[in-house]
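Chemist: Quick one: this structure, given as structure tokens, is what I'll be asking you about.
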Protein chains: 2
Amino acid sequence: MEQDTRCAEILCIGTELLMGNVVNTNAAYIAKELAGLGINLYHQSVVGDNPARLKESLSLAFSRADIVITTGGLGPTYDDLSKETIAAYFGRKLVLHEPSYQRMCAYFASIGREMTENNKKQAYMPEGCTVFDNPNGTAPGCCIEQDGKTVMMLPGPPREMKPMFDHWCVPILRRGSHTKLVSKNLHFFGIGESTLENKLHDLMESSLNPTVAPYAKTGEVMLRVTASVTDESEAEALMAPVLAQISEAAGEFLYGVDVGDLQTAAVHLLKEKGLHVATAESCTGGLVSKRLTEVSGSSEVFECGICCYSNRIKAELLGVKENTLRTFGAVSREAAAEMAAGVRRLSGADIGISVTGNAGPSASEGKPVGLVYIGVDSLPYREVIELHIRRTDEDAREYIRWLASSNALDQILKAAKKF
Amino acid sequence: MEQDTRCAEILCIGTELLMGNVVNTNAAYIAKELAGLGINLYHQSVVGDNPARLKESLSLAFSRADIVITTGGLGPTYDDLSKETIAAYFGRKLVLHEPSYQRMCAYFASIGREMTENNKKQAYMPEGCTVFDNPNGTAPGCCIEQDGKTVMMLPGPPREMKPMFDHWCVPILRRGSHTKLVSKNLHFFGIGESTLENKLHDLMESSLNPTVAPYAKTGEVMLRVTASVTDESEAEALMAPVLAQISEAAGEFLYGVDVGDLQTAAVHLLKEKGLHVATAESCTGGLVSKRLTEVSGSSEVFECGICCYSNRIKAELLGVKENTLRTFGAVSREAAAEMAAGVRRLSGADIGISVTGNAGPSASEGKPVGLVYIGVDSLPYREVIELHIRRTDEDAREYIRWLASSNALDQILKAAKKF
């Protein structure tokens, strides 16, 4: 197997990134794509909209790598100077790119606005570059290839950058590549990263092809198994024994392979089985229904969601007994069970799921922050689980709500499997 | 006014960051804090868990800056090598830090698990460093100050890193500081970044103290006005004329100052006026109620939310007329109005808000993707607004839902102001 020896760097340009006003999702996106292409990446950097420091950073990047991918600084404003600076580094002038200019004129005409002079600046491109047109914004990107160096300049807004990367950069980057990385993502819920790592430590350290690497998401763990191959057809056989070992060690916690996330897994399973779900949420305030309905096609499986903050709504709409609320409180095993049954009855869904708990910031009705009950009601599976989510920092509220909603989605999966 | 001449760099360590499996929120957090402290920052970098490249990056950072703040690589696993590498750079040995070791032992005892040998590694700290204890995790951080250089090592998980930065790093960083940056964040909704920038272009370019910088969030714009002062009491007077100019140019779109976001502004205003709100959501699937209930204290103003995906629920629960659904469809001005009125009636809230639309991926009932109606029902203010959200990429669904929910929150603000 021939190793790809090309090396890339990511250089993100923008004072708003440097100052922390925008989180750098572009670097993560490009890095993942480069890994998928089998191109080595050892450095990511961020600099502000400052020509001198940008030039320095570019020199440094090219002293370590053959390919530099930049984001940002292509826009119309006076501090957008990436193209100017990088073109100068390569000794090239900027010239008006007529097709880009025409496209921009047409765009401004279509929205009934006049194109200002500073917008025209975006149509000036380095002489002899490959222009990347931008169907999602005004600033085109471009690529300069010179003296064995390749620079690709992409716009800063992620929704412009990503499609441009996929459409323009990937084919250019594929040209010289011999190896290919094929990955499978294994999604686990209900097991911590360190516990999973302990179970699989030897495998993770010893397996070189495929490699096994853990990634923690909030409340979940993902293992990525990656095979390096010259032909995709070899991947399956390389991966099979490793996947079998993982499944044996922690299969009960594995909720899906390449399935994205809990809500996607839940919606797909419900759809497959022709089931409907309805939600009754208190402390999560709609987060479970929000996550379910993120998934395209969820309208086929999601019947309705009731977000019942007040006790009156719990009683009137969901039929939670006054006595239950009085005796056990709204945050109780009993209330969770009645909420789940109530929303199932109200909606006619196959599965009713409820969440009631205290997400903080302070104890209420004597119930501590982080105490959450998840209720499930369905013919084959009826359950209430109790969670104690310990967390006290300023993000505790969102963390508790997120983990509660993840557990609710996990319970939907568990219920659907019983049908 | 004396300018702070100290310069810092952020160096984030971790293969999962480098490969793009984790988005680098740490860099953004630290960068913002440094700006608040008036410390210059010109470079952020990311390297993997590789001692040779880490050492190189550290040398480079110290050739440009006096202070280097690192995140990551302090954990128990074999590839966590930040402390070892950085200690060696400063010619220091690692020695067991007894208090950290005892705290770790106590922690593992409290959760009833045995402490493994690799965990003990986390209690070895560079000789003579300041140890940052970590109440939110096992790995302590630390600070080495030597030869005019300061390095601060922080753990990778944001929920451990942030409180440690606030508690330990800020006081150390404050020591040498003379100037202070005081900022006000102005939040706008309903106006695009470029339109706002056009209106304020001269001000933004010419005003040096305070500076005025725009930050776009999805569907919103924030302007940050930052004064550099030696005494906080000077800030108000410096900022006042600039704030007045901004307010004159775009005051109608300004929904709050230092208010965080639309949902916080809405909950605060409702609370202030003693009002209750209830939501009826179709295409946003609970996102409006989720955002409202994110805000601590929202239980005082949020009555209930109905997430009505199916027409049956719209009719039975909210009283949307069968005839309306048949004649105009669920995605219509008429349905939005009836949903808002219905949820207000059902809940007894002062303001009923509804969202119905098509978030995609494909047209349905002849309604195009991106067509959304927001209904408001209250005694003083009754309105339906129609949105056409144009977006076609793979994130379109989430974008449409987000923008629809932001408009709903904006309508809640508008309604509450009428009381």
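Letters A, B, ... go to the chains of the structure tokens in the order shown; residues in each chain start at 1; ligands are counted from 1 in the same order.
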Determine, using only C-alpha atoms, which residues of chain A have any atom at most 6 Å from an atom of chain B, and tabulate each with its shortest atom pair and distance in Å to one decimal place, rows ordered by chain and then rising number, as a tab-separated table.
Modeler:
```
residue	atom	partner	partner_atom	distance
A:Met19	CA	B:Ala31	CA	5.0
A:Gly20	CA	B:Ala28	CA	3.6
A:Val23	CA	B:Ala28	CA	5.6
A:Thr25	CA	B:Val23	CA	5.8
A:Ala28	CA	B:Gly20	CA	3.6
A:Ala31	CA	B:Gly20	CA	4.9
A:Lys32	CA	B:Gly20	CA	5.0
A:His43	CA	B:Val47	CA	5.3
A:Gln44	CA	B:Val46	CA	5.0
A:Ser45	CA	B:Ser45	CA	4.3
A:Val46	CA	B:Gln44	CA	5.0
A:Val47	CA	B:His43	CA	5.3
A:Gly285	CA	B:Lys290	CA	4.9
A:Gly286	CA	B:Gly286	CA	4.6
A:Leu287	CA	B:Lys290	CA	5.3
A:Ser289	CA	B:Gly286	CA	5.6
A:Lys290	CA	B:Gly286	CA	4.7
A:Thr293	CA	B:Gly285	CA	5.6
A:Glu303	CA	B:Ser310	CA	6.0
A:Cys304	CA	B:Cys308	CA	5.0
A:Gly305	CA	B:Cys307	CA	4.6
A:Ile306	CA	B:Ile306	CA	4.8
A:Cys307	CA	B:Gly305	CA	4.6
A:Cys308	CA	B:Cys304	CA	5.0
A:Tyr309	CA	B:Cys304	CA	5.7
A:Ser310	CA	B:Glu303	CA	6.0
```
Chemist: Run DSSP on the backbone and give me the residues of region 4-40 of chain B it puts in alpha helix (DSSP H), as a list in words.
Modeler: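 Everything in region 4-40 of chain B that counts as alpha helix (DSSP H) is Thr15, Glu16, Leu17, Leu18, Thr25, Asn26, Ala27, Ala28, Tyr29, Ile30, Ala31, Lys32, Glu33, Leu34, Ala35, Gly36 and Leu37 of chain B.
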Chemist: List the spatial neighbours of region 81-86 of chain A as number ranges by chain - criterion: any atom at most 9 Å away, only C-alpha atoms, same-chain residues fewer than 3 positions off excluded.
Modeler: A: 13, 49-52, 54-55, 58, 70-75, 77-78, 89-94, 124-126, 141-142, 151, 153
Chemist: Give me, please, the distance in Å between CA of Thr264 (chain A) and CA of Leu223 (chain A), quoted to one decimal.
Modeler: 17.4 Å
Chemist: Select, from A:Leu96, A:Leu154, A:Ile39, A:Ala341, the residue with the minimum atom-to-atom distance to Gly128 (chain A), counting only C-alpha atoms.
Modeler: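 The closest residue to Gly128 (chain A) is A:Leu96.
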Chemist: What does the structure give for the distance between CA of His276 (chain A) and CA of Val331 (chain B), in Å to one decimal?
Modeler: 22.0 Å
Chemist: Within 12 Å of region 242-253 of chain A, counting only C-alpha atoms, which residues show up once you throw out same-chain ones fewer than 6 positions away? Write them as a ChimeraX atom specification, please.
Modeler: /A:183-193,195-204,206-214,220-227,235-236,410,413-414
Chemist: What is the CA of Gly329 (chain B)-CA of Gly370 (chain B) distance in Å, reported with one decimal?
Modeler: 15.4 Å
